[in-house]
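Pasted below: work.cif, mmCIF, C-alpha atoms and all ligand atoms.
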```cif
data_coords
#
loop_
_atom_site.label_atom_id
_atom_site.label_comp_id
_atom_site.auth_asym_id
_atom_site.auth_seq_id
_atom_site.Cartn_x
_atom_site.Cartn_y
_atom_site.Cartn_z
CA MET A 1 -18.18 3.45 21.47
CA ILE A 2 -14.95 5.38 22.11
CA ASP A 3 -13.72 4.17 25.51
CA GLU A 4 -11.24 5.93 27.83
CA LYS A 5 -8.33 3.79 26.61
CA SER A 6 -8.96 4.64 22.95
CA LYS A 7 -9.23 8.35 23.80
CA ARG A 8 -5.92 8.34 25.65
CA LEU A 9 -4.20 6.33 22.89
CA ALA A 10 -5.32 8.79 20.22
CA SER A 11 -2.75 11.33 21.46
CA THR A 12 0.17 8.87 21.80
CA GLY A 13 3.04 8.34 19.38
CA PHE A 14 3.08 6.08 16.34
CA ASN A 15 4.96 3.18 17.95
CA THR A 16 2.71 3.18 21.02
CA ARG A 17 -0.37 3.00 18.81
CA ALA A 18 1.25 0.28 16.66
CA VAL A 19 1.42 -1.90 19.80
CA HIS A 20 -1.73 -0.85 21.68
CA ALA A 21 -4.39 0.55 19.32
CA GLY A 22 -7.46 -1.62 18.82
CA ARG A 23 -9.63 -3.08 21.52
CA ASN A 24 -8.66 -6.62 22.50
CA PRO A 25 -11.89 -8.67 22.43
CA ASP A 26 -10.56 -11.22 24.96
CA PRO A 27 -12.36 -10.90 28.34
CA ASN A 28 -9.41 -12.73 30.01
CA GLY A 29 -6.99 -9.94 29.24
CA SER A 30 -4.53 -11.95 27.16
CA VAL A 31 -1.63 -9.72 26.15
CA VAL A 32 -1.54 -11.35 22.72
CA PRO A 33 -5.08 -11.15 21.31
CA PRO A 34 -6.85 -14.42 20.48
CA ILE A 35 -7.61 -15.63 16.97
CA TYR A 36 -11.36 -16.07 16.57
CA GLN A 37 -10.94 -18.82 14.00
CA THR A 38 -14.65 -19.28 13.43
CA SER A 39 -16.86 -18.72 10.42
CA THR A 40 -20.00 -18.03 12.45
CA PHE A 41 -21.34 -16.91 15.85
CA ALA A 42 -24.37 -18.11 17.85
CA PHE A 43 -27.01 -15.76 19.30
CA ASP A 44 -29.43 -16.28 22.18
CA THR A 45 -32.43 -14.78 20.44
CA VAL A 46 -33.60 -14.13 16.91
CA ALA A 47 -33.77 -10.41 17.72
CA GLU A 48 -30.07 -10.44 18.56
CA GLY A 49 -29.31 -12.19 15.24
CA ALA A 50 -31.41 -9.67 13.34
CA ASP A 51 -29.59 -6.80 15.01
CA ARG A 52 -26.14 -8.16 14.21
CA ALA A 53 -27.14 -8.86 10.59
CA THR A 54 -27.78 -5.20 9.86
CA ARG A 55 -24.43 -3.71 10.94
CA ILE A 56 -20.67 -4.36 10.89
CA SER A 57 -21.05 -6.68 13.86
CA PRO A 58 -17.85 -8.52 14.81
CA ALA A 59 -19.95 -11.48 16.01
CA PHE A 60 -22.39 -12.44 13.27
CA TYR A 61 -20.59 -14.18 10.38
CA THR A 62 -16.92 -13.78 9.43
CA ARG A 63 -17.69 -12.30 5.99
CA TRP A 64 -19.42 -9.49 7.94
CA SER A 65 -16.54 -9.07 10.38
CA ASN A 66 -14.74 -10.92 13.17
CA PRO A 67 -13.38 -9.83 16.58
CA THR A 68 -9.74 -10.42 15.57
CA THR A 69 -10.23 -8.58 12.30
CA LYS A 70 -12.02 -5.70 14.02
CA MET A 71 -9.12 -5.20 16.40
CA ALA A 72 -6.68 -5.12 13.47
CA GLU A 73 -8.93 -2.64 11.64
CA GLU A 74 -8.94 -0.29 14.64
CA ARG A 75 -5.15 -0.45 14.74
CA VAL A 76 -4.74 0.30 11.03
CA ALA A 77 -7.24 3.20 11.31
CA SER A 78 -5.25 4.62 14.22
CA LEU A 79 -1.95 4.42 12.32
CA GLU A 80 -3.42 6.13 9.25
CA GLY A 81 -5.15 8.78 11.38
CA ALA A 82 -8.52 7.61 10.01
CA ALA A 83 -11.87 7.31 11.78
CA ALA A 84 -12.27 3.73 10.53
CA ALA A 85 -10.68 0.99 8.45
CA LEU A 86 -11.72 -2.17 6.66
CA LEU A 87 -9.45 -5.19 6.18
CA THR A 88 -9.83 -7.25 3.02
CA ALA A 89 -8.43 -10.54 1.74
CA SER A 90 -5.72 -8.82 -0.37
CA GLY A 91 -4.58 -5.42 -1.54
CA MET A 92 -6.45 -5.81 -4.84
CA SER A 93 -9.58 -6.63 -2.88
CA ALA A 94 -9.19 -3.36 -0.95
CA ILE A 95 -8.61 -1.40 -4.15
CA THR A 96 -11.58 -2.90 -6.02
CA LYS A 97 -13.90 -2.40 -3.03
CA ALA A 98 -12.80 1.22 -2.62
CA VAL A 99 -13.10 2.02 -6.31
CA MET A 100 -16.49 0.30 -6.62
CA THR A 101 -17.69 2.37 -3.67
CA ALA A 102 -16.59 5.53 -5.47
CA VAL A 103 -17.86 5.05 -9.03
CA ALA A 104 -20.90 3.88 -11.01
CA ALA A 105 -21.68 3.36 -14.71
CA GLY A 106 -21.19 6.58 -16.67
CA ASP A 107 -18.47 7.93 -14.36
CA HIS A 108 -14.91 8.90 -15.26
CA VAL A 109 -11.70 8.43 -13.28
CA VAL A 110 -8.38 10.27 -13.52
CA CYS A 111 -5.62 7.85 -12.55
CA ALA A 112 -1.88 8.38 -12.09
CA ASP A 113 0.42 6.66 -14.58
CA GLY A 114 2.56 3.96 -13.01
CA VAL A 115 0.05 2.63 -10.48
CA TYR A 116 0.35 -1.05 -9.52
CA SER A 117 -0.26 -3.29 -12.57
CA GLY A 118 -3.43 -4.85 -11.07
CA THR A 119 -4.87 -1.37 -10.48
CA TYR A 120 -3.94 -0.35 -14.02
CA GLU A 121 -5.79 -3.38 -15.38
CA LEU A 122 -8.81 -2.59 -13.20
CA PHE A 123 -9.09 0.91 -14.70
CA SER A 124 -7.98 0.10 -18.27
CA LYS A 125 -9.64 -3.29 -18.88
CA SER A 126 -12.16 -4.25 -16.24
CA LEU A 127 -14.10 -1.08 -15.36
CA PRO A 128 -14.68 0.03 -19.00
CA ARG A 129 -16.82 -3.15 -19.34
CA PHE A 130 -19.09 -1.65 -16.68
CA GLY A 131 -19.25 1.83 -18.23
CA VAL A 132 -16.49 3.50 -16.18
CA ASP A 133 -13.71 5.17 -18.21
CA ALA A 134 -10.30 6.27 -17.01
CA THR A 135 -7.72 8.77 -18.22
CA PHE A 136 -4.11 8.15 -17.16
CA VAL A 137 -1.93 11.18 -16.45
CA GLU A 138 1.71 11.82 -15.65
CA PRO A 139 1.39 12.40 -11.88
CA THR A 140 4.34 14.61 -11.01
CA ASP A 141 2.53 17.74 -12.25
CA PRO A 142 -0.72 18.14 -10.24
CA GLU A 143 -2.15 20.31 -13.01
CA ASN A 144 -2.25 17.20 -15.25
CA PHE A 145 -5.05 15.92 -13.00
CA ALA A 146 -6.93 19.23 -13.33
CA ARG A 147 -6.58 19.19 -17.12
CA ALA A 148 -7.98 15.62 -17.37
CA LEU A 149 -11.14 16.36 -15.35
CA ARG A 150 -14.48 15.96 -17.14
CA PRO A 151 -17.97 16.89 -15.94
CA ASN A 152 -18.52 13.20 -15.05
CA THR A 153 -15.19 12.68 -13.21
CA LYS A 154 -15.88 11.15 -9.80
CA LEU A 155 -12.47 9.94 -8.70
CA ILE A 156 -8.78 10.84 -8.75
CA TYR A 157 -6.59 7.82 -7.95
CA VAL A 158 -2.89 8.11 -7.03
CA GLU A 159 -0.05 6.01 -5.65
CA THR A 160 3.15 7.45 -4.16
CA PRO A 161 6.02 6.54 -4.38
CA ALA A 162 5.20 4.54 -7.51
CA ASN A 163 6.90 2.06 -9.80
CA PRO A 164 9.13 1.85 -11.67
CA VAL A 165 11.21 4.95 -10.91
CA MET A 166 9.68 5.91 -7.53
CA LYS A 167 7.71 8.86 -8.88
CA ILE A 168 6.37 11.13 -6.15
CA THR A 169 2.89 12.64 -6.37
CA ASP A 170 2.22 15.83 -4.40
CA LEU A 171 -0.74 14.66 -2.33
CA ALA A 172 -1.72 18.08 -0.96
CA ALA A 173 -1.69 19.66 -4.44
CA VAL A 174 -3.71 16.83 -6.01
CA SER A 175 -6.25 16.87 -3.20
CA ARG A 176 -6.68 20.65 -3.73
CA VAL A 177 -7.42 20.01 -7.41
CA ALA A 178 -9.95 17.33 -6.45
CA ARG A 179 -11.68 19.41 -3.77
CA ARG A 180 -12.08 22.37 -6.15
CA ALA A 181 -13.86 20.00 -8.55
CA GLY A 182 -15.82 18.08 -5.89
CA VAL A 183 -14.05 14.84 -6.81
CA LEU A 184 -13.09 12.05 -4.37
CA THR A 185 -9.41 11.07 -3.96
CA ILE A 186 -7.98 7.62 -3.22
CA ALA A 187 -4.26 7.10 -2.51
CA ASP A 188 -2.47 3.75 -2.47
CA ASN A 189 -0.08 4.17 0.47
CA THR A 190 1.55 0.72 0.19
CA PHE A 191 5.09 1.87 -0.71
CA ALA A 192 5.33 4.67 1.87
CA SER A 193 3.45 3.00 4.76
CA PRO A 194 1.70 5.22 7.33
CA TYR A 195 4.98 5.62 9.22
CA ASN A 196 6.39 7.68 6.34
CA THR A 197 3.24 9.27 4.88
CA ARG A 198 -0.33 9.67 6.09
CA PRO A 199 -2.27 10.76 2.99
CA LEU A 200 -5.39 11.80 4.96
CA GLU A 201 -3.29 14.53 6.63
CA HIS A 202 -2.64 15.90 3.13
CA GLY A 203 -6.33 16.11 2.24
CA ILE A 204 -6.76 12.71 0.56
CA ASP A 205 -10.19 11.14 1.27
CA VAL A 206 -9.45 7.40 1.23
CA VAL A 207 -6.27 5.36 1.73
CA VAL A 208 -5.80 1.85 0.36
CA HIS A 209 -3.04 -0.66 1.11
CA SER A 210 -1.64 -3.93 0.10
CA ALA A 211 -1.22 -4.87 3.78
CA THR A 212 0.74 -7.84 2.41
CA LYS A 213 3.67 -5.42 2.31
CA PHE A 214 4.92 -3.06 5.07
CA LEU A 215 1.87 -3.39 7.36
CA GLY A 216 2.22 -7.18 7.64
CA GLY A 217 5.95 -6.80 7.19
CA HIS A 218 7.11 -10.42 7.31
CA HIS A 219 6.14 -11.92 3.91
CA HIS A 220 3.71 -14.21 5.73
CA VAL A 221 0.30 -12.81 4.91
CA VAL A 222 -1.78 -11.53 1.99
CA LEU A 223 -4.19 -8.79 3.08
CA GLY A 224 -5.55 -5.40 2.10
CA ALA A 225 -6.83 -2.37 3.97
CA VAL A 226 -8.98 0.69 3.32
CA ALA A 227 -8.92 3.63 5.76
CA ALA A 228 -11.37 6.56 5.64
CA SER A 229 -14.35 8.12 7.43
CA GLU A 230 -16.86 5.91 9.30
CA GLU A 231 -19.54 6.62 6.73
CA TRP A 232 -17.28 5.77 3.81
CA ILE A 233 -16.00 2.56 5.39
CA ARG A 234 -19.57 1.49 6.01
CA ARG A 235 -20.29 1.88 2.27
CA CYS A 236 -17.10 0.05 1.38
CA TRP A 237 -18.03 -2.75 3.79
CA ASP A 238 -21.34 -3.11 1.94
CA GLN A 239 -19.35 -3.90 -1.21
CA MET A 240 -17.34 -6.53 0.66
CA ARG A 241 -20.46 -8.09 2.13
CA ILE A 242 -21.86 -8.49 -1.39
CA TYR A 243 -18.73 -9.36 -3.40
CA GLY A 244 -16.80 -11.20 -0.68
CA GLY A 245 -13.06 -10.85 -0.11
CA ALA A 246 -13.22 -10.66 3.70
CA PRO A 247 -9.96 -11.58 5.46
CA ASP A 248 -9.38 -14.85 7.25
CA PRO A 249 -9.10 -14.28 11.05
CA PHE A 250 -5.64 -15.86 11.16
CA ALA A 251 -4.44 -13.39 8.52
CA SER A 252 -5.84 -10.50 10.60
CA TRP A 253 -4.00 -11.87 13.63
CA LEU A 254 -0.73 -12.05 11.67
CA LEU A 255 -1.25 -8.41 10.73
CA LEU A 256 -1.88 -7.44 14.36
CA SER A 257 1.36 -9.11 15.28
CA GLY A 258 3.48 -7.87 12.37
CA VAL A 259 2.31 -4.25 12.43
CA GLN A 260 3.55 -3.74 16.01
CA THR A 261 7.08 -3.24 14.67
CA LEU A 262 6.10 -1.13 11.65
CA GLY A 263 7.73 2.04 12.99
CA LEU A 264 10.93 0.24 14.01
CA ARG A 265 11.18 -1.59 10.72
CA VAL A 266 10.47 1.41 8.52
CA GLU A 267 12.82 3.69 10.42
CA ARG A 268 15.63 1.20 9.92
CA VAL A 269 14.68 0.56 6.30
CA ASN A 270 14.67 4.34 5.60
CA ALA A 271 18.24 4.62 6.91
CA THR A 272 19.53 1.48 5.17
CA THR A 273 17.95 2.37 1.82
CA GLN A 274 19.51 5.82 1.92
CA ARG A 275 22.94 4.19 2.36
CA VAL A 276 22.32 1.59 -0.34
CA ALA A 277 21.12 4.30 -2.76
CA ALA A 278 24.24 6.38 -2.13
CA PHE A 279 26.44 3.31 -2.69
CA LEU A 280 24.71 2.45 -5.97
CA ALA A 281 24.84 6.07 -7.15
CA GLY A 282 28.64 5.95 -6.90
CA HIS A 283 29.04 2.51 -8.52
CA PRO A 284 30.70 2.43 -11.98
CA ARG A 285 28.43 -0.38 -13.23
CA VAL A 286 25.22 1.45 -12.37
CA GLU A 287 23.80 3.90 -14.90
CA ARG A 288 21.19 5.55 -12.68
CA VAL A 289 19.57 5.23 -9.28
CA PHE A 290 15.96 6.18 -8.58
CA TYR A 291 15.37 6.94 -4.90
CA PRO A 292 13.40 9.92 -3.56
CA GLY A 293 16.01 10.35 -0.83
CA LEU A 294 18.69 11.31 -3.36
CA PRO A 295 18.78 15.08 -3.97
CA ASP A 296 18.83 14.57 -7.77
CA HIS A 297 15.54 12.59 -7.74
CA PRO A 298 12.85 14.75 -9.40
CA GLY A 299 10.45 14.11 -6.49
CA HIS A 300 12.97 14.84 -3.72
CA ASP A 301 11.53 18.19 -2.61
CA VAL A 302 7.92 16.98 -2.51
CA ALA A 303 9.02 13.79 -0.73
CA ARG A 304 10.79 15.91 1.93
CA ARG A 305 7.52 17.70 2.57
CA GLN A 306 5.19 14.71 2.71
CA MET A 307 7.38 11.81 3.92
CA ARG A 308 8.95 11.27 7.34
CA GLY A 309 11.61 9.13 5.64
CA PHE A 310 12.15 8.28 1.98
CA GLY A 311 11.16 4.63 2.27
CA GLY A 312 12.57 1.23 1.48
CA MET A 313 11.96 1.09 -2.26
CA LEU A 314 14.56 1.98 -4.87
CA ALA A 315 15.32 1.12 -8.48
CA PHE A 316 18.56 1.19 -10.41
CA GLU A 317 19.68 0.67 -13.96
CA ALA A 318 22.45 -1.94 -14.23
CA HIS A 319 24.89 -1.92 -17.15
CA GLY A 320 24.55 -4.58 -19.85
CA GLY A 321 20.88 -4.40 -20.85
CA ILE A 322 18.51 -7.30 -20.20
CA ALA A 323 21.28 -9.87 -19.72
CA GLY A 324 23.15 -7.51 -17.39
CA GLY A 325 20.10 -6.89 -15.21
CA ALA A 326 19.20 -10.59 -15.05
CA ARG A 327 22.79 -11.52 -14.13
CA VAL A 328 22.85 -9.07 -11.22
CA VAL A 329 19.62 -10.33 -9.60
CA GLU A 330 20.66 -13.96 -10.07
CA ARG A 331 24.03 -13.34 -8.41
CA MET A 332 22.61 -11.77 -5.25
CA LYS A 333 23.13 -14.04 -2.26
CA ILE A 334 21.32 -12.17 0.55
CA MET A 335 18.65 -10.31 -1.41
CA LYS A 336 16.14 -12.74 -2.79
CA LEU A 337 14.88 -12.71 -6.36
CA ALA A 338 11.14 -12.44 -5.68
CA VAL A 339 8.16 -10.19 -6.32
CA SER A 340 6.46 -8.30 -3.47
CA LEU A 341 8.04 -5.82 -1.09
CA GLY A 342 7.93 -4.23 2.32
CA GLY A 343 9.02 -7.18 4.47
CA ILE A 344 11.95 -7.95 6.71
CA CYS A 345 13.87 -9.67 3.89
CA SER A 346 15.35 -7.65 1.02
CA LEU A 347 13.85 -8.59 -2.36
CA ALA A 348 14.89 -7.69 -5.89
CA THR A 349 13.12 -7.99 -9.24
CA HIS A 350 14.29 -7.48 -12.81
CA ALA A 351 11.07 -6.72 -14.68
CA ALA A 352 12.40 -7.04 -18.26
CA SER A 353 13.34 -10.70 -17.74
CA THR A 354 10.51 -11.76 -15.41
CA THR A 355 7.23 -9.89 -14.81
CA HIS A 356 7.44 -7.99 -18.14
CA LEU A 357 9.17 -10.66 -20.24
CA HIS A 358 6.17 -10.94 -22.57
CA VAL A 359 5.37 -7.22 -22.75
CA ALA A 360 6.51 -5.62 -26.06
CA ARG A 361 9.77 -3.71 -25.51
CA GLU A 362 8.30 -0.38 -26.75
CA GLU A 363 5.39 -0.71 -24.30
CA ARG A 364 7.75 -1.67 -21.48
CA LEU A 365 9.99 1.33 -22.22
CA ARG A 366 6.91 3.57 -22.40
CA GLN A 367 6.15 2.46 -18.82
CA GLY A 368 9.71 3.47 -17.83
CA ILE A 369 10.89 -0.13 -17.40
CA THR A 370 14.24 -0.02 -19.12
CA ASP A 371 16.25 -3.16 -20.00
CA GLY A 372 18.55 -3.21 -16.98
CA LEU A 373 16.12 -1.76 -14.42
CA ILE A 374 16.19 -3.59 -11.08
CA ARG A 375 13.75 -2.81 -8.27
CA VAL A 376 14.84 -3.43 -4.73
CA SER A 377 12.80 -3.57 -1.53
CA ILE A 378 15.18 -3.17 1.38
CA GLY A 379 14.61 -5.31 4.47
CA ILE A 380 15.98 -5.13 7.99
CA GLU A 381 19.31 -6.89 7.31
CA ASP A 382 22.55 -5.05 8.10
CA ALA A 383 23.29 -2.31 5.58
CA ASP A 384 26.95 -3.38 5.21
CA ASP A 385 25.88 -6.89 4.22
CA LEU A 386 23.37 -5.65 1.66
CA ILE A 387 25.94 -3.31 0.14
CA ALA A 388 28.52 -6.13 -0.01
CA ASP A 389 25.90 -8.37 -1.65
CA LEU A 390 25.14 -5.75 -4.32
CA ASP A 391 28.85 -5.02 -4.83
CA ALA A 392 29.60 -8.70 -5.45
CA ALA A 393 26.58 -9.13 -7.74
CA LEU A 394 27.58 -6.09 -9.82
CA ASP A 395 31.25 -7.09 -10.03
C1 LIG B 1 1.37 -0.70 -4.63
C2 LIG B 1 0.56 -1.95 -4.63
N1 LIG B 1 -0.77 -1.88 -4.48
C3 LIG B 1 -1.53 -2.99 -4.47
C4 LIG B 1 -0.98 -4.26 -4.63
C5 LIG B 1 -1.87 -5.47 -4.62
O1 LIG B 1 -1.81 -6.07 -3.37
P1 LIG B 1 -2.08 -7.64 -3.08
O2 LIG B 1 -1.02 -8.40 -3.81
O3 LIG B 1 -1.99 -7.73 -1.60
O4 LIG B 1 -3.44 -7.94 -3.61
C6 LIG B 1 0.39 -4.38 -4.77
C7 LIG B 1 1.00 -5.72 -4.93
O5 LIG B 1 2.18 -5.86 -5.18
C8 LIG B 1 1.20 -3.19 -4.76
O6 LIG B 1 2.53 -3.24 -4.91
#
```
Can the structure in the file be given as structure tokens, please?
Amino acid sequence: MIDEKSKRLASTGFNTRAVHAGRNPDPNGSVVPPIYQTSTFAFDTVAEGADRATRISPAFYTRWSNPTTKMAEERVASLEGAAAALLTASGMSAITKAVMTAVAAGDHVVCADGVYSGTYELFSKSLPRFGVDATFVEPTDPENFARALRPNTKLIYVETPANPVMKITDLAAVSRVARRAGVLTIADNTFASPYNTRPLEHGIDVVVHSATKFLGGHHHVVLGAVAASEEWIRRCWDQMRIYGGAPDPFASWLLLSGVQTLGLRVERVNATTQRVAAFLAGHPRVERVFYPGLPDHPGHDVARRQMRGFGGMLAFEAHGGIAGGARVVERMKIMKLAVSLGGICSLATHAASTTHLHVAREERLRQGITDGLIRVSIGIEDADDLIADLDAALD
């Protein structure tokens, strides 16, 4: 039921919805919503139980849904401009549920190169075992998606910006290709966050998130989200009911809390990252900087069209090969050497010496992960301090 409050909120700004969207299930009117930390709910009659069992009832069993989770789902849907959303136990859980909703044995997927490694493994290793094949294409030319289509293609999957060099995919152009062919589109919006990009406004059908990142925003929760039409979310929910991967209510509550400042955080991070990118671009010990906000980035023009700001993710190539890159990340004092992204604390990773240490060099280079490449997720610290930290680490 769409109540008066939800109707009025629908036309408010992003930050207002980040604080107020989602119906608080507490009858006492608590300003901070309660955590329904319960696995199950009691009913008065068997008929009531039977009714709740057949729908996404927030008061049946927490793998079905939960009042705290439902409120967080309504908020995420509002921020993405979607009719509905589903929260899941992690980003990979959201991605697998969404993809399993979209494809069946015998189907084909066209996937952008450079998607998150777990997603790449899903399409390249896991789904072929169930009769679903994928073709990977260079995503900066939308025609590459058109050329890879087959009569049995059911899904185009993209992620923008994407590792390792912040490639930008033109969402409107790719969704035109998909619509012409009657193919569904899914976009991983983790790096941009709905503050910077809302893929549904560009014609994409389904959005997925690692809500662990910008949506949660404080490195304190692992969660995923899918946002789409009511009908599609209902089908996706069916997958979650069967395969599991529902979020814990406390995690949903942490998301409700963290997401309130999404707009404030991302606006600041957009500005800081632009400054850090400009600093690195002028540094003598940096070979190259990859940030869509720099005019020489190949995706700059598309990013200007589809992003409110250029985001908090950048990569740069430090001098000195593998040892040089490793030295820089180890010498950072404010930025932490850690995987993940999108939180209040700046994090840096040097793939060649950590996550990709055991990947053959040729394969790593094929993926664009050069020896000295460092990826940085900018947090909300003061820009001057982050720049001084990088300057000292590069010295
Ligand atoms: C772009 C992207 N999508 C999905 C995931 C997977 O999310 P999670 O770790 O929450 O399962 C990640 C994780 O780093 C990611 O960076």
So which residues touch region 225-230 of chain A within 10 Å, counting only C-alpha atoms, skipping near sequence neighbours fewer than 2 positions away, as a short mmCIF file (atom, residue, chain, number, x, y, z; two decimals) with C-alpha atoms, in the frame of the given file?
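Listed below is the output, out_16.cif:
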```cif
data_model
loop_
_atom_site.label_atom_id
_atom_site.label_comp_id
_atom_site.auth_asym_id
_atom_site.auth_seq_id
_atom_site.Cartn_x
_atom_site.Cartn_y
_atom_site.Cartn_z
CA ALA A 72 -6.68 -5.12 13.47
CA GLU A 73 -8.93 -2.64 11.64
CA GLU A 74 -8.94 -0.29 14.64
CA VAL A 76 -4.74 0.30 11.03
CA ALA A 77 -7.24 3.20 11.31
CA SER A 78 -5.25 4.62 14.22
CA LEU A 79 -1.95 4.42 12.32
CA GLU A 80 -3.42 6.13 9.25
CA GLY A 81 -5.15 8.78 11.38
CA ALA A 82 -8.52 7.61 10.01
CA ALA A 83 -11.87 7.31 11.78
CA ALA A 84 -12.27 3.73 10.53
CA ALA A 85 -10.68 0.99 8.45
CA LEU A 86 -11.72 -2.17 6.66
CA LEU A 87 -9.45 -5.19 6.18
CA THR A 88 -9.83 -7.25 3.02
CA ALA A 89 -8.43 -10.54 1.74
CA SER A 90 -5.72 -8.82 -0.37
CA GLY A 91 -4.58 -5.42 -1.54
CA MET A 92 -6.45 -5.81 -4.84
CA SER A 93 -9.58 -6.63 -2.88
CA ALA A 94 -9.19 -3.36 -0.95
CA ILE A 95 -8.61 -1.40 -4.15
CA LYS A 97 -13.90 -2.40 -3.03
CA ALA A 98 -12.80 1.22 -2.62
CA ILE A 186 -7.98 7.62 -3.22
CA ALA A 187 -4.26 7.10 -2.51
CA ASP A 188 -2.47 3.75 -2.47
CA ASN A 189 -0.08 4.17 0.47
CA THR A 190 1.55 0.72 0.19
CA LEU A 200 -5.39 11.80 4.96
CA ILE A 204 -6.76 12.71 0.56
CA ASP A 205 -10.19 11.14 1.27
CA VAL A 206 -9.45 7.40 1.23
CA VAL A 207 -6.27 5.36 1.73
CA VAL A 208 -5.80 1.85 0.36
CA HIS A 209 -3.04 -0.66 1.11
CA SER A 210 -1.64 -3.93 0.10
CA ALA A 211 -1.22 -4.87 3.78
CA THR A 212 0.74 -7.84 2.41
CA LEU A 215 1.87 -3.39 7.36
CA LEU A 223 -4.19 -8.79 3.08
CA TRP A 232 -17.28 5.77 3.81
CA ILE A 233 -16.00 2.56 5.39
CA ARG A 234 -19.57 1.49 6.01
CA ARG A 235 -20.29 1.88 2.27
CA CYS A 236 -17.10 0.05 1.38
CA TRP A 237 -18.03 -2.75 3.79
CA PRO A 247 -9.96 -11.58 5.46
#
```
Between A:Lys336, A:Arg268, A:Glu330, A:Leu280, single out the one closest to Asp382 (chain A), counting all atoms listed in the file.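 Using all atoms listed in the file, the shortest distance to Asp382 (chain A) belongs to A:Arg268.
With distances restricted to only C-alpha atoms and all ligand atoms, A:Val222 is the closest residue to ligand LIG 1 (chain B) from A:Val222, A:Val177, A:Ile374, A:Ala348.
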Taking into account only C-alpha atoms, which residue in the set A:His20, A:His297, A:Arg147, A:Arg308 is nearest to Ser193 (chain A)?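 Of all the options, A:Arg308 lies closest to Ser193 (chain A).
In this comparison, which uses only C-alpha atoms, the residue of A:Gly325, A:Pro194, A:Pro298, A:Pro128 approaching Asp107 (chain A) most closely is A:Pro128.
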Neighbouring residues of Thr153 (chain A) were defined as those with any atom within 8 Å, considering all atoms listed in the file; residues of the same chain fewer than 2 positions away were excluded. Please report them as a PyMOL selection string. chain A and resi 107-110+149-151+155+183
So that I have them on file, write out the residues from the current selection with C-alpha atoms, as a PDB file, in the frame of the given file.
```
ATOM      1  CA  ASP A 107     -18.470   7.930 -14.360  1.00  0.00           C
ATOM      2  CA  HIS A 108     -14.910   8.900 -15.260  1.00  0.00           C
ATOM      3  CA  VAL A 109     -11.700   8.430 -13.280  1.00  0.00           C
ATOM      4  CA  VAL A 110      -8.380  10.270 -13.520  1.00  0.00           C
ATOM      5  CA  LEU A 149     -11.140  16.360 -15.350  1.00  0.00           C
ATOM      6  CA  ARG A 150     -14.480  15.960 -17.140  1.00  0.00           C
ATOM      7  CA  PRO A 151     -17.970  16.890 -15.940  1.00  0.00           C
ATOM      8  CA  LEU A 155     -12.470   9.940  -8.700  1.00  0.00           C
ATOM      9  CA  VAL A 183     -14.050  14.840  -6.810  1.00  0.00           C
TER      10      VAL A 183
END
```
Mind pulling up the distance from CA of Phe310 (chain A) to CA of Thr355 (chain A)?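 Interatomic distance, CA of Thr355 (chain A) to CA of Phe310 (chain A): 25.2 Å.
The interatomic distance for the pair CA of Val328 (chain A) and CA of Arg375 (chain A) works out to 11.4 Å.
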In Å, how far is it from CA of Tyr157 (chain A) to CA of Val359 (chain A)? 24.3 Å
Excluding Asp296 (chain A) and any residue of its chain fewer than 5 positions from it, enumerate the residues within 12 Å of it, using all atoms listed in the file, and give them as a ChimeraX atom specification. /A:277-278,281,288-291,301
Restricting the calculation to only C-alpha atoms: of A:Leu9, A:Ile387, A:Ile380, A:Val31, which residue gets closest to Gly282 (chain A)?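 When distances to Gly282 (chain A) are compared using only C-alpha atoms, the smallest one comes from A:Ile387.
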For Phe191 (chain A), which residue among A:His300, A:Ser340, A:Thr62, A:Ile334 is the nearest when counting only C-alpha atoms? A:Ser340
